[in-house]
Each structure stands twice: as structure tokens, then as C-alpha cells.
2 protein chains.
Amino acid sequence: MERHFDENLQALKYHLMKMSAMAEVMIADAIKAVVERNETVIPGVYQREEQVNHMQVEIDETCLKLIALHQPAAGDLRFILGAAKANAELERLADESINIIQRAQSLMKEPALKPFEIIPEMAMIARGMVRDSLHSFVNRNVDLAREVLLRDDRLDDLKDSIAQELTEYMTRDSAAVSRALNLLLISRYLERIGDHATNISEITIFVVEGRDVRHHADQKVEG
Amino acid sequence: MERHFDENLQALKYHLMKMSAMAEVMIADAIKAVVERNETVIPGVYQREEQVNHMQVEIDETCLKLIALHQPAAGDLRFILGAAKANAELERLADESINIIQRAQSLMKEPALKPFEIIPEMAMIARGMVRDSLHSFVNRNVDLAREVLLRDDRLDDLKDSIAQELTEYMTRDSAAVSRALNLLLISRYLERIGDHATNISEITIFVVEGRDVRHHADQKVEG
């Protein structure tokens with residue numbers, strides 16, 4: 001029984017890592033659609049979203065079974081509940097890639113606006129946050145989790161900075177309004193991805209230290 | 001033991017209902033700040049957000065204790081895991097009120113733009129969705145849950161409609177860009193609240209029917 005539980009727990013971690021890796025590819029491809037105006041990546045993002053949806057259902061069922069069949073001790077129970085929550089965060093952040101793709105499709109219908117380098121920079125930070133927050137969770141690494149929380153501030157600053165730049169752009173050039181708006185929304189979706197990674201990191205600290213840091217500041221609120 | 005479990009389960013439901021009622025007041029007050037330019041409601045929204053944060057932590061601990069102490073049967077276990085997930089949704093949707101308040105504060109610094117009646121209409125729908133999704137969850141009422149899912153489509157339509165109107169507004173009048181942008185973001189926050197209520201309704205159906213309807217369509221993606 002004991003080994004069976006450990007094996008199932010390992011499988012749970014493996015599936016979460018796989019889902020996280022898939023979400024990372026989705027973000028990268030969605031941003032490729034935005035920056036390179038590359039349409040060929042689009043179908044793959046939609047396909048991966050369906051796979052992620054299936055994985056989410058599977059992972060929830062695994063969590064339920066692990067608890068029902070093995071009646072795990074307090075620490076493991078906390079980890080499994082954390083896994084169910086991290087699972088929901090991963091699915092949501094993968095969904096943001098679809099939001100980005102839809103804005104990219106709208107952008108491709110008009111001539112390109114000047115490149116905004118903040119967008120790929122934000123995407124790189126957000127992807128790193130997703131990867132490292134999930135690593136911190138499965139390895140119960142609170143140092144890494146805390147480090148991810150710090151990176152969210154950088155993402156928020158970049159979001160504010162591009163919002164200001166795009167607002168000025170829209171004010172100056174009315175022909176650019178709808179394109180600038182699409183870019184602004186894309187920056188918000190990237191910031192949401194960072195928020196979900198932040199949530200996963202906070203779940204890690206909650207699971208490992210039994211302390212709740214989720215409301216350590218107002219980091220989760222967009223502002 | 002049996003009665004003790006039922007009492008704790010009742011308390012869990014009661015706390016979720018209380019949290020939902022508090023979130024509803026937060027949404028109403030945040031929209032009052034937007035529509036009536038009423039500053040006096042603002043401190044109350046921030047105070048309630050802190051209360052909601054505390055409630056979230058308490059509810060999670062209650063869920064853990066219920067599982068660890070009572071080793072509930074499959075149906076109850078599913079309900080408790082659902083409660084932990086609904087708990088997270090409630091906290092997130094309450095947070096959206098803070099995002100709305102921050103946009104309202106920014107709007108109050110400039111002369112009022114013409115009233116956009118879609119905003120209070122969206123707020124009314126979103127509040128009803130929050131209330132009814134939580135009712136559907138605690139009463140395991142799948143009919144009500146499904147009815148909430150339908151209302152989300154209306155909210156999405158209103159969001160698209162105001163986005164189009166505000167984009168045209170910004171294109172015509174460059175002096176209105178930053179105000180129109182704030183209103184557009186507010187409509188997005190309201191739509192997010194509807195998404196969270198949708199998630200709670202889907203959790204209800206999952207808990208009651210053991211079926212996963214979370215990926216019944218692309219409703220969760222903003223588009």
C-alpha cells in the first residue's frame with residue numbers, strides 16, 4: 001500500500017510538470033503569433049489547450065483517488081490539496097494563451113504597429129515564473145517559490161510601463177487605437193499568467209511551511 | 001463522530017455563503033464608486049477584502065480538517081474538494097472589486113465621461129451570478145448551476161458591445177482615451193467575476209453529477 005501511494009504521488013507530480021511544460025510552449029507560441037505575425041503556430045495552441053483541459057480533469061481525479069484510497073497523513077494531504085489547486089492555476093494560465101492568440105489574430109488583420117519589446121520581455125519572465133513555480137511546488141522548494149514572488153513585481157512594472165506608452169500612443173494616433181488596445185490586453189494576459197504562477201508559489205509555501213502567505217501583500221490585485 | 005462531521009460541513013457551507021455575500025457587497029460598492037463617483041464607499045471595499053482573505057484561509061483549514069479527521073466517503077470528499085476550489089474562486093472574484101476601485105479612483109481625477117449604462121447592467125448580472133453559483137454549490141442544485149452558465153454568455157456579449165463602443169469613442173476623441181480605457185478595463189473585471197461564478201457552477205455540476213463540464217465549451221476563455 002505504502003509504495004503504491006508513493007508511486008501515485010510521483011505520477012501526480014509528473015503530470016503537473018508535463019502540464020506546466022505544455023503551458024509554457026503555449027505561451028511561447030502565442031507570443032510568436034503576436035511578435036512574428038506567425039499564423040502557423042495558432043492551431044497547435046488550440047490543440048494543446050484541449051490536451052491541458054483533459055489533463056486537468058485527470059489530475060483532479062488522481063487527487064481524489066489518492067485521498068480516498070490512502071487516507072494520507074496531514075503533510076501529504078496538504079500537498080494533494082495543493083496539487084488540486086495548482087492544477088486549476090495551470091489550466092487557467094494556459095487559457096490566457098488562447099486569449100493572446102485571439103488578440104494576435106485581430107492584430108494580423110491590420111498593418112503592423114511598431115514593435116513593443118516589452119511584450120516578449122514580459123512573456124519571457126512569465127514563462128520562467130510558470131516553470132519555476134511548478135518546480136518549487138513539486139520539489140517543495142520554498143526558496144525558489146519566494147524568488148518567483150519577487151519576479152511578479154517586475155512583471156507588474158512592465159505592465160504599467162507599456163500601459164502608459166500605449167495610452168500615449170492612442171492619444172496621439174487615433175488610427176492606432178484598436179491595435180494599441182489589443183497589445184494592451186496582451187500585456188494584461190501576460191501579467192495574469194504571472195499572477196497564476198504567483199498563486200502556485202504561494203500554494204508551495206502554504207504546503208511546505210503550513211503558513212499562509214497568500215495575502216502577504218496586494219500582489220495578486222492588478223492595480 | 002457522525003453528527004460532528006455534519007455540523008462542520010454545515011459551518012463550511014455557512015462560511016462560504018457569508019464570503020459570497022461579502023463579495024457581492026464589494027462588487028456593488030465598487031460599481032457605486034464608478035457610476036456615482038462616490039468616494040465614501042472605497043475604504044469599506046478594502047476592509048472587506050481583508051476579511052475575505054482571512055475567511056479564505058479559515059475555509060481551507062476547515063476543508064483540510066474535515067478530510068483528515070473524518071475520512072469522508074467519496075461523495076462528501078468530492079464536495080469538500082469542491083468547497084476548497086469554490087473558496088479560491090470567491091477570493092479571486094472579490095479581488096476584482098479592488099481592481100475596479102482602483103480604476104474608479106483614476107476616473108475620479110478627470111471630468112466624468114458620458115454614462116455607460118452597460119457597466120451597471122454587467123455588474124447586476126455578475127452579482128446575480130456570484131450569488132446563484134454559490135447557492136447552487138451549497139444546495140447541490142445543478143439546474144441553478146446550469147442556468148448561471150447561460151447568463152455568462154449575456155455578460156460576454158455586453159463586454160464585446162461596450163468594447164466596440166469605447167474603441168470608437170477613443171478613436172473619435174483623443175482626450176477621452178485614458179478614461180475610456182479605464183471603463184474598458186472595468187468591463188473586463190466584471191466579465192472576470194462572471195468567469196469565476198461560471199467556474200463555481202461548473203464545480204457544482206462536477207461535485208453533484210461526478211461529471212466534468214468545465215470544458216463544455218470555450219466559455220472560460222475571454223475572446
# chains A, B, ... in the order shown; residues from 1 in each chain; ligands from 1

call {"tool": "interface_residues", "arguments": {"of": "chain A", "to": "chain B", "cutoff": "7 Å", "atoms": "only C-alpha atoms", "output": "mmCIF file with N, CA and C atoms, in the first residue's frame"}}
result
data_model
loop_
_atom_site.group_PDB
_atom_site.id
_atom_site.type_symbol
_atom_site.label_atom_id
_atom_site.label_comp_id
_atom_site.auth_asym_id
_atom_site.auth_seq_id
_atom_site.Cartn_x
_atom_site.Cartn_y
_atom_site.Cartn_z
ATOM 1 N N ASN A 53 -6.861 20.717 -20.913
ATOM 2 C CA ASN A 53 -8.168 20.515 -20.276
ATOM 3 C C ASN A 53 -8.342 19.067 -19.814
ATOM 4 N N ALA A 68 -8.944 9.292 -1.141
ATOM 5 C CA ALA A 68 -9.970 8.294 -0.780
ATOM 6 C C ALA A 68 -9.356 6.925 -0.494
ATOM 7 N N GLN A 71 -5.963 7.616 2.485
ATOM 8 C CA GLN A 71 -6.103 8.424 3.695
ATOM 9 C C GLN A 71 -4.750 8.953 4.186
ATOM 10 N N ALA A 74 -1.309 14.208 7.429
ATOM 11 C CA ALA A 74 -1.577 15.648 7.285
ATOM 12 C C ALA A 74 -0.706 16.323 6.218
ATOM 13 N N LYS A 85 -5.176 22.540 -6.325
ATOM 14 C CA LYS A 85 -5.253 23.990 -6.542
ATOM 15 C C LYS A 85 -4.268 24.445 -7.622
ATOM 16 N N ASP A 95 -5.117 28.893 -20.468
ATOM 17 C CA ASP A 95 -6.224 29.592 -21.142
ATOM 18 C C ASP A 95 -5.839 31.000 -21.585
ATOM 19 N N ILE A 98 -4.770 31.354 -25.081
ATOM 20 C CA ILE A 98 -5.842 31.428 -26.080
ATOM 21 C C ILE A 98 -6.313 32.880 -26.211
ATOM 22 N N ASN A 99 -6.435 33.570 -25.078
ATOM 23 C CA ASN A 99 -6.794 34.989 -25.146
ATOM 24 C C ASN A 99 -5.769 35.767 -25.968
ATOM 25 N N GLN A 102 -6.136 35.098 -29.695
ATOM 26 C CA GLN A 102 -7.279 35.797 -30.303
ATOM 27 C C GLN A 102 -6.940 37.262 -30.590
ATOM 28 N N THR A 167 -1.154 54.107 -24.012
ATOM 29 C CA THR A 167 -2.175 55.147 -23.836
ATOM 30 C C THR A 167 -1.763 56.423 -24.563
ATOM 31 N N MET A 170 -2.200 55.891 -28.297
ATOM 32 C CA MET A 170 -3.607 56.000 -28.724
ATOM 33 C C MET A 170 -4.068 57.444 -28.770
ATOM 34 N N THR A 171 -3.574 58.244 -27.834
ATOM 35 C CA THR A 171 -3.967 59.653 -27.768
ATOM 36 C C THR A 171 -3.413 60.420 -28.975
ATOM 37 N N SER A 174 -5.077 58.295 -33.614
ATOM 38 C CA SER A 174 -6.374 57.631 -33.453
ATOM 39 C C SER A 174 -6.499 56.404 -34.363
ATOM 40 N N ALA A 175 -5.709 56.373 -35.441
ATOM 41 C CA ALA A 175 -5.774 55.211 -36.336
ATOM 42 C C ALA A 175 -5.183 53.964 -35.683
ATOM 43 N N VAL A 177 -5.687 53.098 -32.454
ATOM 44 C CA VAL A 177 -6.391 52.767 -31.210
ATOM 45 C C VAL A 177 -6.650 51.265 -31.045
ATOM 46 N N SER A 178 -7.245 50.645 -32.052
ATOM 47 C CA SER A 178 -7.654 49.256 -31.825
ATOM 48 C C SER A 178 -6.444 48.326 -31.726
ATOM 49 N N HIS A 215 -1.781 36.161 1.365
ATOM 50 C CA HIS A 215 -2.194 37.558 1.480
ATOM 51 C C HIS A 215 -1.094 38.406 2.099
ATOM 52 N N VAL A 221 -3.568 41.602 -6.728
ATOM 53 C CA VAL A 221 -4.518 42.534 -7.317
ATOM 54 C C VAL A 221 -3.798 43.350 -8.385
ATOM 55 N N GLU A 222 -4.474 43.529 -9.480
ATOM 56 C CA GLU A 222 -3.796 44.033 -10.658
ATOM 57 C C GLU A 222 -3.265 45.458 -10.499
ATOM 58 N N GLY A 223 -4.181 46.346 -10.147
ATOM 59 C CA GLY A 223 -3.786 47.746 -9.879
ATOM 60 C C GLY A 223 -2.940 48.386 -10.908
#

call {"tool": "residues_around", "arguments": {"residues": "Pro111 (chain B)", "least_positions_apart": "3", "cutoff": "12 Å", "atoms": "only C-alpha atoms", "output": "VMD selection string"}}
result
chain B and resid 37 106 to 108 114 to 115 175 to 176 178 to 180

call {"tool": "residues_around", "arguments": {"residues": "Arg140 (chain A)", "least_positions_apart": "5", "cutoff": "12 Å", "atoms": "only C-alpha atoms", "output": "list in words"}}
result
Lys13, Gly75, Asp76, Arg78, Phe79, Gly82, Ala83, Asp132, Ser133, Leu134, His135, Ala145, Arg146, Ile200, Ser201, Glu202, Ile203, Thr204, Ile205, Phe206, Val207, Val208, Glu209 and Gly210 of chain A

call {"tool": "atom_distance", "arguments": {"atom1": "CA of Arg154 (chain A)", "atom2": "CA of Val142 (chain A)"}}
result
19.6 Å

call {"tool": "residues_around", "arguments": {"residues": "Val130 (chain B)", "least_positions_apart": "3", "cutoff": "10 Å", "atoms": "only C-alpha atoms", "output": "list in words"}}
result
Ser20, Ala21, Ala23, Glu24, Glu89, Leu90, Leu93, Ile125, Ala126, Arg127, Ser133, Leu134, His135, Ser136, Val148, Ile193, Gly194, Asp195, His196, Ala197, Thr198, Ile200 and Ser201 of chain B

call {"tool": "write_last_selection", "arguments": {"atoms": "N, CA and C atoms", "output": "short mmCIF file (atom, residue, chain, number, x, y, z; two decimals), in the first residue's frame"}}
result
data_model
loop_
_atom_site.label_atom_id
_atom_site.label_comp_id
_atom_site.auth_asym_id
_atom_site.auth_seq_id
_atom_site.Cartn_x
_atom_site.Cartn_y
_atom_site.Cartn_z
N SER B 20 -19.49 34.82 0.05
CA SER B 20 -20.15 35.19 -1.20
C SER B 20 -20.95 36.48 -1.03
N ALA B 21 -21.68 36.60 0.10
CA ALA B 21 -22.47 37.80 0.36
C ALA B 21 -21.55 39.02 0.47
N ALA B 23 -18.59 39.37 -0.94
CA ALA B 23 -18.08 39.67 -2.28
C ALA B 23 -19.13 40.46 -3.08
N GLU B 24 -20.38 40.09 -2.90
CA GLU B 24 -21.46 40.79 -3.60
C GLU B 24 -21.53 42.27 -3.20
N GLU B 89 -12.12 30.59 -5.86
CA GLU B 89 -12.83 31.42 -6.85
C GLU B 89 -13.44 32.65 -6.18
N LEU B 90 -14.03 32.46 -5.01
CA LEU B 90 -14.65 33.58 -4.30
C LEU B 90 -13.62 34.64 -3.94
N LEU B 93 -12.64 36.54 -7.11
CA LEU B 93 -13.65 37.47 -7.65
C LEU B 93 -13.82 38.68 -6.74
N ILE B 125 -25.72 41.65 -13.43
CA ILE B 125 -25.67 40.24 -13.87
C ILE B 125 -24.57 39.49 -13.12
N ALA B 126 -23.40 40.12 -13.00
CA ALA B 126 -22.27 39.45 -12.34
C ALA B 126 -22.60 39.13 -10.88
N ARG B 127 -23.21 40.10 -10.19
CA ARG B 127 -23.58 39.86 -8.79
C ARG B 127 -24.56 38.71 -8.66
N SER B 133 -24.44 31.06 -8.16
CA SER B 133 -23.47 29.97 -8.30
C SER B 133 -23.16 29.39 -6.92
N LEU B 134 -23.04 30.27 -5.92
CA LEU B 134 -22.75 29.78 -4.57
C LEU B 134 -23.94 29.02 -3.99
N HIS B 135 -25.14 29.54 -4.23
CA HIS B 135 -26.36 28.82 -3.82
C HIS B 135 -26.41 27.45 -4.47
N SER B 136 -26.11 27.42 -5.75
CA SER B 136 -26.15 26.14 -6.46
C SER B 136 -25.15 25.17 -5.84
N VAL B 148 -26.85 29.53 -14.41
CA VAL B 148 -25.78 30.53 -14.26
C VAL B 148 -24.84 30.49 -15.47
N ILE B 193 -15.41 38.41 -13.11
CA ILE B 193 -16.25 37.99 -11.98
C ILE B 193 -17.25 36.94 -12.46
N GLY B 194 -17.84 37.20 -13.63
CA GLY B 194 -18.74 36.21 -14.22
C GLY B 194 -18.03 34.89 -14.51
N ASP B 195 -16.76 34.97 -14.95
CA ASP B 195 -15.98 33.74 -15.21
C ASP B 195 -15.80 32.93 -13.93
N HIS B 196 -15.51 33.63 -12.83
CA HIS B 196 -15.32 32.92 -11.56
C HIS B 196 -16.63 32.26 -11.11
N ALA B 197 -17.74 32.98 -11.30
CA ALA B 197 -19.05 32.40 -10.95
C ALA B 197 -19.33 31.18 -11.83
N THR B 198 -18.96 31.29 -13.10
CA THR B 198 -19.08 30.15 -14.02
C THR B 198 -18.27 28.97 -13.50
N ILE B 200 -17.49 28.30 -10.44
CA ILE B 200 -18.16 27.73 -9.26
C ILE B 200 -19.33 26.84 -9.71
N SER B 201 -20.08 27.30 -10.71
CA SER B 201 -21.20 26.49 -11.21
C SER B 201 -20.71 25.18 -11.80
#

call {"tool": "closest_residue", "arguments": {"among": "A:Lys32, A:Arg131, A:Lys109, A:Lys18", "to": "Ile59 (chain A)", "atoms": "only C-alpha atoms"}}
result
A:Lys18

call {"tool": "residues_around", "arguments": {"residues": "Val35 (chain B)", "least_positions_apart": "5", "cutoff": "12 Å", "atoms": "only C-alpha atoms", "output": "list in words"}}
result
Ala28, Asp29, Ala30, Val41, Ile100, Ile101, Arg103, Ala104, Gln105, Leu107, Met108, Ala112, Leu113, Lys114, Pro115, Phe116, Glu117, Ile118, Ile119, Pro120, Glu121, Ala123, Leu183 and Ile186 of chain B

call {"tool": "write_last_selection", "arguments": {"atoms": "N, CA and C atoms", "output": "CSV table (one decimal), in the first residue's frame"}}
result
chain,number,residue,atom,x,y,z
B,28,ALA,N,-20.9,45.6,-5.6
B,28,ALA,CA,-21.9,46.7,-5.6
B,28,ALA,C,-21.3,48.0,-5.3
B,29,ASP,N,-20.5,48.0,-4.2
B,29,ASP,CA,-19.8,49.3,-3.8
B,29,ASP,C,-18.8,49.8,-4.8
B,30,ALA,N,-18.0,48.8,-5.4
B,30,ALA,CA,-17.0,49.2,-6.3
B,30,ALA,C,-17.7,49.9,-7.5
B,41,VAL,N,-17.5,55.0,-0.3
B,41,VAL,CA,-17.6,53.5,-0.3
B,41,VAL,C,-16.2,52.8,-0.3
B,100,ILE,N,-11.5,47.2,-9.7
B,100,ILE,CA,-12.5,48.1,-10.2
B,100,ILE,C,-12.3,49.4,-9.4
B,101,ILE,N,-12.2,49.3,-8.1
B,101,ILE,CA,-12.0,50.5,-7.2
B,101,ILE,C,-10.8,51.4,-7.7
B,103,ARG,N,-9.5,51.6,-10.7
B,103,ARG,CA,-9.9,52.3,-11.9
B,103,ARG,C,-10.9,53.4,-11.6
B,104,ALA,N,-11.8,53.2,-10.6
B,104,ALA,CA,-12.7,54.3,-10.2
B,104,ALA,C,-12.0,55.5,-9.7
B,105,GLN,N,-10.9,55.2,-8.9
B,105,GLN,CA,-10.1,56.3,-8.3
B,105,GLN,C,-9.4,57.1,-9.4
B,107,LEU,N,-10.5,57.3,-12.5
B,107,LEU,CA,-11.6,58.1,-13.2
B,107,LEU,C,-12.0,59.3,-12.5
B,108,MET,N,-12.0,59.3,-11.2
B,108,MET,CA,-12.5,60.5,-10.4
B,108,MET,C,-11.6,61.7,-10.5
B,112,ALA,N,-16.2,63.7,-15.6
B,112,ALA,CA,-17.0,62.5,-16.0
B,112,ALA,C,-17.2,62.3,-17.5
B,113,LEU,N,-17.0,61.1,-18.0
B,113,LEU,CA,-17.4,60.8,-19.3
B,113,LEU,C,-18.9,60.6,-19.3
B,114,LYS,N,-19.5,60.5,-20.5
B,114,LYS,CA,-20.9,60.2,-20.5
B,114,LYS,C,-21.2,58.8,-19.8
B,115,PRO,N,-22.4,58.7,-19.3
B,115,PRO,CA,-22.7,57.4,-18.6
B,115,PRO,C,-22.8,56.2,-19.5
B,116,PHE,N,-22.2,55.1,-19.2
B,116,PHE,CA,-22.3,53.9,-20.0
B,116,PHE,C,-23.1,52.9,-19.2
B,117,GLU,N,-24.4,52.8,-19.6
B,117,GLU,CA,-25.3,52.0,-18.8
B,117,GLU,C,-25.0,50.5,-18.8
B,118,ILE,N,-24.1,50.1,-19.7
B,118,ILE,CA,-23.8,48.7,-19.8
B,118,ILE,C,-23.0,48.3,-18.5
B,119,ILE,N,-22.3,49.3,-17.9
B,119,ILE,CA,-21.5,48.9,-16.7
B,119,ILE,C,-22.4,48.5,-15.6
B,120,PRO,N,-23.3,49.3,-15.1
B,120,PRO,CA,-24.2,48.8,-14.1
B,120,PRO,C,-25.0,47.6,-14.4
B,121,GLU,N,-25.3,47.4,-15.7
B,121,GLU,CA,-26.1,46.2,-16.1
B,121,GLU,C,-25.2,45.0,-16.0
B,123,ALA,N,-22.7,44.7,-14.0
B,123,ALA,CA,-22.5,44.5,-12.5
B,123,ALA,C,-23.6,43.7,-11.9
B,183,LEU,N,-12.7,52.5,-18.3
B,183,LEU,CA,-14.0,51.9,-18.3
B,183,LEU,C,-14.0,50.5,-19.0
B,186,ILE,N,-12.7,48.1,-16.5
B,186,ILE,CA,-13.8,47.8,-15.6
B,186,ILE,C,-14.7,46.7,-16.1

call {"tool": "residues_around", "arguments": {"residues": "Gln47 (chain B)", "least_positions_apart": "5", "cutoff": "10 Å", "atoms": "only C-alpha atoms", "output": "NGL selection string"}}
result
:B and (26 or 42 or 52)

call {"tool": "atom_distance", "arguments": {"atom1": "CA of Ala86 (chain B)", "atom2": "CA of Leu12 (chain A)"}}
result
21.9 Å
